[in-house]
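S.K.: Below is one structure. I have some questions about it.
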Amino acid sequence: MIVSFTGTRHGMSETQKDQFAFVISYFKSGTNAFHYGTHHDVNLLADREAESIARAVGFTTKAHNAFRGEELERNRELVACGDILIAAPLSDEEVLRSGTWMTIRAARKAGKPVVMLSRGKA
């Protein structure tokens, strides 16, 4: 199974990190791959955090890089290559001008399962 991830440059909340560790362990069986986003000049902190946890539980990881202006294409690529999308948005409420939420909408439109990680209490 290929698990794709989308998250925010602000990083995951502690609640999201706990949820992610639980969910990613659930999907670990056999030869699995974890795909996540990177950016040429933006630190995508949530993606780095998720990649570290996925690698620690035994996933093979693959980064999908984007340069400025290529982010939407990179996000569509993450949706296309994954069997499932795990999402750690900055807000539990949908936001229109958000790359994370755009990726969630693209996965839903493609009929891919989406596991939403709640930010938890503020």
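Each chain in the structure tokens gets a letter, A, B, ..., in the order shown, and its residues are numbered from 1; ligands are numbered from 1 in order too.
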Please produce, as a tab-separated table, a per-residue contact table for segment 58-114 of chain A versus segment 41-51 of chain A (criterion: any atom at most 10 Å away, only C-alpha atoms considered), showing the nearest atom pair and its distance in Å to one decimal, sorted by chain then residue number.

M.R.:
```
residue	atom	partner	partner_atom	distance
A:Phe59	CA	A:Glu51	CA	8.8
A:Thr60	CA	A:Glu51	CA	9.3
A:Thr61	CA	A:Glu51	CA	6.8
A:Lys62	CA	A:Glu51	CA	8.7
A:Ala63	CA	A:Glu51	CA	8.8
A:Ala66	CA	A:Asp41	CA	8.9
A:Phe67	CA	A:Asp41	CA	7.3
A:Arg68	CA	A:Asp41	CA	7.8
A:Ile86	CA	A:Ala50	CA	9.7
A:Ala87	CA	A:Ala46	CA	9.7
A:Ala88	CA	A:Ala46	CA	7.4
A:Pro89	CA	A:Ala46	CA	9.0
A:Leu90	CA	A:Ala46	CA	9.7
```

S.K.: Could you dump the residues just selected with C-alpha atoms as a compact mmCIF listing (two decimals), in the first residue's frame?

M.R.:
```
# COMPACT_ATOMS: atom_id res chain seq x y z
CA PHE A 59 8.04 2.58 5.90
CA THR A 60 10.10 3.28 2.81
CA THR A 61 9.75 7.01 2.15
CA LYS A 62 9.63 9.02 -1.06
CA ALA A 63 9.70 12.80 -1.25
CA ALA A 66 8.07 21.30 -5.74
CA PHE A 67 9.51 24.63 -6.70
CA ARG A 68 7.51 27.85 -6.40
CA ILE A 86 -3.50 11.05 5.49
CA ALA A 87 -4.12 14.76 6.07
CA ALA A 88 -2.99 17.00 8.94
CA PRO A 89 -4.50 20.42 8.17
CA LEU A 90 -3.92 23.57 10.22
```

S.K.: From chain A, collect each residue whose DSSP state is alpha helix (DSSP H) and return the set as an NGL selection string.

M.R.: :A and (14-26 or 45-56 or 71-81 or 99-109)

S.K.: Going by DSSP on the backbone, which bits of chain A are strand (DSSP E or B)? Write them as a list in words, please.

M.R.: Ile2, Val3, Ser4, Phe5, Thr6, Gly7, Ala33, Phe34, His35, Tyr36, Gly37, Thr38, His39, Thr60, Thr61, Lys62, Ala63, His64, Asn65, Ala66, Ile84, Leu85, Ile86, Ala87, Ala88, Val114, Val115 and Met116 of chain A

S.K.: Can you write just those residues out, N, CA, C and O atoms, as a short mmCIF file (atom, residue, chain, number, x, y, z; two decimals), in the first residue's frame?

M.R.:
```
data_model
loop_
_atom_site.label_atom_id
_atom_site.label_comp_id
_atom_site.auth_asym_id
_atom_site.auth_seq_id
_atom_site.Cartn_x
_atom_site.Cartn_y
_atom_site.Cartn_z
N ILE A 2 0.46 2.22 -0.78
CA ILE A 2 1.15 3.51 -0.80
C ILE A 2 0.30 4.50 -0.03
O ILE A 2 -0.87 4.72 -0.34
N VAL A 3 0.89 5.08 1.01
CA VAL A 3 0.23 6.08 1.84
C VAL A 3 0.82 7.43 1.47
O VAL A 3 2.03 7.61 1.50
N SER A 4 -0.04 8.36 1.07
CA SER A 4 0.40 9.73 0.80
C SER A 4 -0.01 10.62 1.96
O SER A 4 -0.95 10.31 2.70
N PHE A 5 0.70 11.72 2.11
CA PHE A 5 0.48 12.63 3.24
C PHE A 5 0.43 14.06 2.74
O PHE A 5 1.17 14.45 1.84
N THR A 6 -0.43 14.85 3.37
CA THR A 6 -0.45 16.29 3.16
C THR A 6 -0.58 16.97 4.52
O THR A 6 -1.32 16.51 5.38
N GLY A 7 0.20 18.00 4.71
CA GLY A 7 0.16 18.73 5.97
C GLY A 7 0.60 20.16 5.77
O GLY A 7 0.86 20.60 4.65
N ALA A 33 5.00 1.96 1.21
CA ALA A 33 5.71 3.19 0.88
C ALA A 33 4.92 4.37 1.42
O ALA A 33 3.69 4.37 1.42
N PHE A 34 5.65 5.36 1.87
CA PHE A 34 5.07 6.60 2.40
C PHE A 34 5.56 7.75 1.53
O PHE A 34 6.76 7.97 1.39
N HIS A 35 4.63 8.47 0.91
CA HIS A 35 4.96 9.59 0.02
C HIS A 35 4.53 10.90 0.69
O HIS A 35 3.43 10.99 1.23
N TYR A 36 5.40 11.89 0.61
CA TYR A 36 5.15 13.17 1.27
C TYR A 36 5.73 14.30 0.43
O TYR A 36 6.51 14.07 -0.50
N GLY A 37 5.33 15.52 0.76
CA GLY A 37 5.78 16.68 0.00
C GLY A 37 6.99 17.36 0.59
O GLY A 37 7.21 17.36 1.79
N THR A 38 7.78 17.93 -0.30
CA THR A 38 8.87 18.82 0.09
C THR A 38 8.77 20.05 -0.83
O THR A 38 8.03 20.05 -1.81
N HIS A 39 9.51 21.07 -0.48
CA HIS A 39 9.49 22.30 -1.28
C HIS A 39 10.90 22.84 -1.33
O HIS A 39 11.63 22.78 -0.34
N THR A 60 9.20 2.69 3.79
CA THR A 60 10.10 3.28 2.81
C THR A 60 9.49 4.63 2.47
O THR A 60 8.27 4.74 2.30
N THR A 61 10.30 5.68 2.38
CA THR A 61 9.75 7.01 2.15
C THR A 61 10.20 7.57 0.81
O THR A 61 11.29 7.25 0.33
N LYS A 62 9.33 8.36 0.22
CA LYS A 62 9.63 9.02 -1.06
C LYS A 62 9.13 10.45 -1.01
O LYS A 62 7.95 10.70 -0.77
N ALA A 63 10.04 11.39 -1.24
CA ALA A 63 9.70 12.80 -1.25
C ALA A 63 9.27 13.23 -2.65
O ALA A 63 9.83 12.77 -3.65
N HIS A 64 8.28 14.09 -2.71
CA HIS A 64 7.82 14.71 -3.96
C HIS A 64 8.09 16.20 -3.81
O HIS A 64 7.40 16.88 -3.06
N ASN A 65 9.09 16.69 -4.52
CA ASN A 65 9.52 18.07 -4.37
C ASN A 65 8.77 19.01 -5.31
O ASN A 65 8.29 18.60 -6.36
N ALA A 66 8.66 20.26 -4.90
CA ALA A 66 8.07 21.30 -5.74
C ALA A 66 8.90 22.56 -5.61
O ALA A 66 9.45 22.85 -4.55
N ILE A 84 -4.20 5.84 -0.34
CA ILE A 84 -4.92 6.54 0.73
C ILE A 84 -4.16 7.82 1.05
O ILE A 84 -2.94 7.87 0.86
N LEU A 85 -4.87 8.83 1.51
CA LEU A 85 -4.24 10.10 1.89
C LEU A 85 -4.47 10.33 3.38
O LEU A 85 -5.60 10.24 3.86
N ILE A 86 -3.39 10.61 4.10
CA ILE A 86 -3.50 11.05 5.49
C ILE A 86 -3.27 12.56 5.47
O ILE A 86 -2.29 13.04 4.90
N ALA A 87 -4.18 13.30 6.11
CA ALA A 87 -4.12 14.76 6.07
C ALA A 87 -4.06 15.35 7.48
O ALA A 87 -4.83 14.96 8.34
N ALA A 88 -3.14 16.30 7.66
CA ALA A 88 -2.99 17.00 8.94
C ALA A 88 -3.10 18.50 8.67
O ALA A 88 -2.10 19.22 8.63
N VAL A 114 -9.58 9.28 2.66
CA VAL A 114 -8.83 10.33 3.35
C VAL A 114 -8.97 10.12 4.85
O VAL A 114 -10.09 10.04 5.36
N VAL A 115 -7.85 10.04 5.54
CA VAL A 115 -7.85 9.98 7.00
C VAL A 115 -7.50 11.37 7.48
O VAL A 115 -6.40 11.87 7.23
N MET A 116 -8.46 12.02 8.14
CA MET A 116 -8.26 13.38 8.65
C MET A 116 -7.76 13.32 10.08
O MET A 116 -8.36 12.66 10.93
#
```

S.K.: For a quick check of understanding, using only C-alpha atoms, which of A:Gly82, A:Asp18, A:Ser91, A:Thr100 has the smallest distance to Pro113 of chain A?

M.R.: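 Result for the nearest residue to Pro113 of chain A: A:Gly82.
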
S.K.: Please report the interatomic distance between atom CA of Val95 of chain A and atom CA of Thr8 of chain A in Å with one decimal.

M.R.: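 For atom CA of Val95 of chain A relative to atom CA of Thr8 of chain A, the distance reads 12.2 Å.
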